[in-house]
Amino acid sequence: MLGDITNAQGERIDYTFHPGKTSSKDIVIIGHGVTGNKDRPFVAALSEGLSQAGIPAMRISFSGNGASGGNFVDSTITKEVADLGSVLDVLPGRRICYAGHSMGGAVGVLRASQDDRIKLLVSLAGMVHTKAFAEREFGAVRAGEGFMWDEPACPLSQAYMDDMARINSVANLAPQIKVPWLLVHGTEDDVVPIQDSYDVFRKANDPVELIEIKGASHVFAAEFTEVMVEKVTSWLRLQFARLG
């Protein structure tokens with residue numbers, strides 16, 4: 001449908017498009033978290049659920065992840081914000097929602113705070129305090145030698161750690177988000193604590209909504225995938241309708 005999409009470095013951005021209503025100008029771009037890709041089960045389930053509800057969806061793998069071009073060691077939030085801009089560039093005239101999971105949630109806040117092409121924003125277990133996350137999860141790993149969560153395909157780079165520290169937190173960007181915003185977080189998330197969503201929710205403009213899914217983990221596993229998909233789809237149908 002859209003052909004090849006490349007970022008500023010000429011690296012191909014892998015994506016899967018899920019059609020909705022033929023005449024729809026709406027589209028939801030779904031971005032993943034650190035060490036993830038577009039084929040995580042709950043990401044695919046959300047895309048399929050939106051498509052079945054008539055809302056076109058496009059799940060992407062940021063550069064260096066999944067089947068996208070580039071190297072994982074170059075992956076940072078800042079680079080992924082630029083990747084998302086490259087995806088937006090190929091969607092002129094569309095009413096765009098960006099939905100980001102975990103680190104992809106921080107990507108969404110950073111992009112939406114500066115890019116008015118994003119008309120709706122969804123954060124799924126969204127990372128807010130980036131420096132704290134990096135220190136908590138990878139502080140004991142030597143950058144350039146060790147791996148994220150002991151995954152050999154995901155070496156920890158100094159560039160990643162430096163970028164997380166520089167950003168520090170996206171909470172203070174919340175007042176700059178001027179579009180409807182949905183926060184979805186599981187109460188049993190042990191990777192990005194639900195407190196991150198509480199902290200950004202308190203600073204966000206209306207209309208913002210926080211949905212807690214009791215018992216859900218960071219990746220909305222098992223029966224919680226269906227709950228998450230239903231909550232997000234219902235909210236998006238209402239918000240796109242309100243856009244007219």
# chains A, B, ... in the order shown; residues from 1 in each chain; ligands from 1

call {"tool": "select_by_dssp", "arguments": {"residues": "range 102-169 of chain A", "states": "alpha helix (DSSP H)", "output": "PyMOL selection string"}}
result
chain A and resi 103-112+130-138+158-167

call {"tool": "write_last_selection", "arguments": {"atoms": "C-alpha atoms", "output": "tab-separated table (two decimals), in the first residue's frame"}}
result
chain	number	residue	atom	x	y	z
A	103	MET	CA	9.58	2.81	25.58
A	104	GLY	CA	7.44	3.38	22.50
A	105	GLY	CA	5.13	5.31	24.81
A	106	ALA	CA	7.94	7.75	25.61
A	107	VAL	CA	8.56	8.03	21.86
A	108	GLY	CA	4.91	9.03	21.44
A	109	VAL	CA	5.01	11.75	24.09
A	110	LEU	CA	8.16	13.25	22.61
A	111	ARG	CA	6.79	13.18	19.05
A	112	ALA	CA	3.25	14.35	19.87
A	130	THR	CA	13.55	6.98	31.23
A	131	LYS	CA	16.69	7.50	33.31
A	132	ALA	CA	15.22	5.65	36.27
A	133	PHE	CA	14.16	2.78	34.00
A	134	ALA	CA	17.62	2.40	32.46
A	135	GLU	CA	19.33	2.49	35.84
A	136	ARG	CA	16.85	0.04	37.36
A	137	GLU	CA	16.94	-2.51	34.56
A	138	PHE	CA	20.47	-2.15	33.15
A	158	GLN	CA	26.45	3.58	25.87
A	159	ALA	CA	24.46	5.61	23.34
A	160	TYR	CA	21.25	4.09	24.70
A	161	MET	CA	22.16	4.76	28.33
A	162	ASP	CA	23.27	8.33	27.58
A	163	ASP	CA	20.06	9.06	25.68
A	164	MET	CA	17.89	7.70	28.50
A	165	ALA	CA	19.77	9.87	31.01
A	166	ARG	CA	19.56	12.97	28.83
A	167	ILE	CA	15.79	12.64	28.39

call {"tool": "closest_atom_pairs", "arguments": {"of": "range 85-120 of chain A", "to": "range 171-190 of chain A", "cutoff": "6 Å", "atoms": "only C-alpha atoms", "output": "JSON lines"}}
result
{"residue": "A:Ser113", "atom": "CA", "partner": "A:Ile177", "partner_atom": "CA", "distance": 5.1}
{"residue": "A:Lys119", "atom": "CA", "partner": "A:Val179", "partner_atom": "CA", "distance": 5.8}
{"residue": "A:Leu120", "atom": "CA", "partner": "A:Pro180", "partner_atom": "CA", "distance": 5.4}

call {"tool": "select_by_dssp", "arguments": {"residues": "range 6-166 of chain A", "states": "strand (DSSP E or B)", "output": "short mmCIF file (atom, residue, chain, number, x, y, z; two decimals) with N, CA and C atoms, in the first residue's frame"}}
result
data_model
loop_
_atom_site.label_atom_id
_atom_site.label_comp_id
_atom_site.auth_asym_id
_atom_site.auth_seq_id
_atom_site.Cartn_x
_atom_site.Cartn_y
_atom_site.Cartn_z
N THR A 6 11.65 4.53 4.62
CA THR A 6 13.01 4.60 5.15
C THR A 6 13.15 5.80 6.07
N ARG A 12 15.47 0.87 6.18
CA ARG A 12 14.08 0.49 5.93
C ARG A 12 13.33 0.27 7.26
N ASP A 14 10.34 -1.62 8.76
CA ASP A 14 9.43 -2.73 8.48
C ASP A 14 8.06 -2.43 9.10
N TYR A 15 7.01 -2.75 8.36
CA TYR A 15 5.67 -2.50 8.89
C TYR A 15 4.69 -3.52 8.32
N THR A 16 3.57 -3.67 9.02
CA THR A 16 2.44 -4.47 8.54
C THR A 16 1.21 -3.59 8.60
N PHE A 17 0.49 -3.51 7.49
CA PHE A 17 -0.71 -2.68 7.42
C PHE A 17 -1.95 -3.56 7.53
N HIS A 18 -2.88 -3.13 8.37
CA HIS A 18 -4.15 -3.83 8.56
C HIS A 18 -5.27 -2.89 8.08
N ASP A 26 -8.65 7.64 8.75
CA ASP A 26 -8.04 7.41 10.06
C ASP A 26 -7.01 6.30 9.97
N ILE A 27 -6.01 6.38 10.83
CA ILE A 27 -5.04 5.30 10.93
C ILE A 27 -4.38 5.34 12.30
N VAL A 28 -4.08 4.16 12.82
CA VAL A 28 -3.38 4.03 14.09
C VAL A 28 -2.01 3.41 13.81
N ILE A 29 -0.96 4.13 14.17
CA ILE A 29 0.40 3.61 14.08
C ILE A 29 0.77 3.05 15.45
N ILE A 30 1.25 1.82 15.48
CA ILE A 30 1.57 1.16 16.76
C ILE A 30 3.06 0.89 16.83
N GLY A 31 3.69 1.44 17.88
CA GLY A 31 5.11 1.26 18.10
C GLY A 31 5.37 0.43 19.34
N ALA A 57 -4.89 0.10 10.77
CA ALA A 57 -3.77 0.10 11.72
C ALA A 57 -2.49 -0.28 11.00
N MET A 58 -1.40 0.22 11.54
CA MET A 58 -0.08 -0.02 10.95
C MET A 58 0.90 -0.24 12.09
N ARG A 59 1.39 -1.46 12.22
CA ARG A 59 2.37 -1.74 13.28
C ARG A 59 3.77 -1.72 12.68
N ILE A 60 4.67 -1.06 13.37
CA ILE A 60 6.00 -0.83 12.84
C ILE A 60 7.07 -1.39 13.78
N SER A 61 8.20 -1.75 13.19
CA SER A 61 9.41 -2.05 13.96
C SER A 61 10.37 -0.88 13.76
N ARG A 95 -5.76 11.13 9.39
CA ARG A 95 -5.96 11.51 10.80
C ARG A 95 -5.27 10.43 11.64
N ILE A 96 -4.18 10.79 12.25
CA ILE A 96 -3.27 9.80 12.83
C ILE A 96 -3.39 9.72 14.34
N CYS A 97 -3.49 8.48 14.81
CA CYS A 97 -3.29 8.17 16.22
C CYS A 97 -1.99 7.39 16.32
N TYR A 98 -1.18 7.75 17.28
CA TYR A 98 0.00 6.93 17.57
C TYR A 98 -0.24 6.23 18.90
N ALA A 99 -0.02 4.91 18.90
CA ALA A 99 -0.13 4.11 20.12
C ALA A 99 1.22 3.47 20.38
N GLY A 100 1.85 3.80 21.51
CA GLY A 100 3.17 3.28 21.80
C GLY A 100 3.20 2.47 23.08
N HIS A 101 3.88 1.33 23.02
CA HIS A 101 4.02 0.47 24.20
C HIS A 101 5.36 0.71 24.86
N ILE A 118 -0.06 14.24 14.72
CA ILE A 118 -0.65 13.24 15.61
C ILE A 118 -1.89 13.85 16.26
N LYS A 119 -3.04 13.28 15.97
CA LYS A 119 -4.32 13.85 16.44
C LYS A 119 -4.84 13.15 17.70
N LEU A 120 -4.38 11.92 17.94
CA LEU A 120 -4.76 11.16 19.13
C LEU A 120 -3.52 10.42 19.61
N LEU A 121 -3.44 10.20 20.93
CA LEU A 121 -2.26 9.53 21.49
C LEU A 121 -2.71 8.45 22.48
N VAL A 122 -2.07 7.27 22.37
CA VAL A 122 -2.33 6.18 23.30
C VAL A 122 -0.99 5.71 23.85
N SER A 123 -0.91 5.58 25.17
CA SER A 123 0.28 5.05 25.83
C SER A 123 -0.09 3.73 26.50
N LEU A 124 0.55 2.66 26.08
CA LEU A 124 0.29 1.33 26.63
C LEU A 124 1.45 0.95 27.55
N PHE A 147 24.40 -7.33 27.85
CA PHE A 147 23.17 -7.38 27.05
C PHE A 147 21.97 -6.96 27.90
N PRO A 155 22.45 -6.10 22.58
CA PRO A 155 23.57 -5.56 23.36
C PRO A 155 23.25 -4.16 23.90
#

call {"tool": "residues_around", "arguments": {"residues": "Met148 in chain A", "least_positions_apart": "2", "cutoff": "12 Å", "atoms": "only C-alpha atoms", "output": "PyMOL selection string"}}
result
chain A and resi 34-36+72-73+134-146+150-157+160-161

call {"tool": "write_last_selection", "arguments": {"atoms": "N, CA and C atoms", "output": "CSV table (one decimal), in the first residue's frame"}}
result
chain,number,residue,atom,x,y,z
A,34,VAL,N,11.4,-1.4,24.1
A,34,VAL,CA,12.8,-1.8,24.0
A,34,VAL,C,12.9,-3.3,23.9
A,35,THR,N,13.7,-3.8,23.0
A,35,THR,CA,13.9,-5.2,22.6
A,35,THR,C,12.7,-5.8,21.9
A,36,GLY,N,11.7,-5.1,21.7
A,36,GLY,CA,10.5,-5.6,21.0
A,36,GLY,C,10.5,-5.4,19.5
A,72,PHE,N,20.8,-2.7,16.1
A,72,PHE,CA,20.2,-2.5,17.4
A,72,PHE,C,21.0,-1.6,18.3
A,73,VAL,N,22.3,-1.7,18.2
A,73,VAL,CA,23.1,-0.8,19.1
A,73,VAL,C,23.0,0.7,18.9
A,134,ALA,N,16.3,2.9,32.9
A,134,ALA,CA,17.6,2.4,32.5
A,134,ALA,C,18.5,2.0,33.6
A,135,GLU,N,18.5,2.8,34.7
A,135,GLU,CA,19.3,2.5,35.8
A,135,GLU,C,18.8,1.3,36.6
A,136,ARG,N,17.5,1.2,36.6
A,136,ARG,CA,16.9,0.0,37.4
A,136,ARG,C,17.1,-1.3,36.6
A,137,GLU,N,16.9,-1.3,35.3
A,137,GLU,CA,16.9,-2.5,34.6
A,137,GLU,C,18.4,-2.9,34.1
A,138,PHE,N,19.2,-1.9,33.8
A,138,PHE,CA,20.5,-2.2,33.2
A,138,PHE,C,21.7,-1.5,33.9
A,139,GLY,N,21.4,-1.0,35.0
A,139,GLY,CA,22.5,-0.3,35.8
A,139,GLY,C,23.7,-1.2,36.1
A,140,ALA,N,23.4,-2.5,36.3
A,140,ALA,CA,24.5,-3.5,36.6
A,140,ALA,C,25.2,-4.1,35.4
A,141,VAL,N,24.7,-3.7,34.2
A,141,VAL,CA,25.3,-4.2,33.0
A,141,VAL,C,26.3,-3.2,32.4
A,142,ARG,N,27.5,-3.7,32.0
A,142,ARG,CA,28.5,-2.8,31.4
A,142,ARG,C,28.2,-2.5,29.9
A,143,ALA,N,27.9,-1.3,29.6
A,143,ALA,CA,27.6,-0.9,28.2
A,143,ALA,C,28.8,-1.2,27.3
A,144,GLY,N,28.4,-1.8,26.2
A,144,GLY,CA,29.5,-2.2,25.2
A,144,GLY,C,30.0,-3.6,25.4
A,145,GLU,N,29.5,-4.2,26.5
A,145,GLU,CA,30.0,-5.6,26.8
A,145,GLU,C,28.8,-6.5,27.1
A,146,GLY,N,27.8,-6.0,27.9
A,146,GLY,CA,26.7,-6.9,28.3
A,146,GLY,C,25.5,-6.7,27.4
A,150,ASP,N,20.0,-10.1,29.4
A,150,ASP,CA,20.7,-11.3,29.0
A,150,ASP,C,20.3,-11.8,27.6
A,151,GLU,N,19.8,-10.9,26.7
A,151,GLU,CA,19.5,-11.3,25.4
A,151,GLU,C,20.6,-11.0,24.4
A,152,PRO,N,21.3,-12.0,23.9
A,152,PRO,CA,22.5,-11.8,23.1
A,152,PRO,C,22.2,-10.9,21.8
A,153,ALA,N,21.0,-10.9,21.4
A,153,ALA,CA,20.6,-10.1,20.2
A,153,ALA,C,20.4,-8.6,20.6
A,154,CYS,N,20.5,-8.3,21.9
A,154,CYS,CA,20.2,-6.9,22.3
A,154,CYS,C,21.3,-6.4,23.2
A,155,PRO,N,22.5,-6.1,22.6
A,155,PRO,CA,23.6,-5.6,23.4
A,155,PRO,C,23.2,-4.2,23.9
A,156,LEU,N,23.7,-3.9,25.1
A,156,LEU,CA,23.5,-2.6,25.7
A,156,LEU,C,24.6,-1.6,25.3
A,157,SER,N,24.2,-0.5,24.7
A,157,SER,CA,25.1,0.5,24.2
A,157,SER,C,25.2,1.7,25.1
A,160,TYR,N,22.6,4.3,24.1
A,160,TYR,CA,21.3,4.1,24.7
A,160,TYR,C,21.2,4.7,26.1
A,161,MET,N,22.2,4.3,26.9
A,161,MET,CA,22.2,4.8,28.3
A,161,MET,C,22.3,6.3,28.4

call {"tool": "atom_distance", "arguments": {"atom1": "CA of Ala125 in chain A", "atom2": "CA of Ser75 in chain A"}}
result
19.7 Å
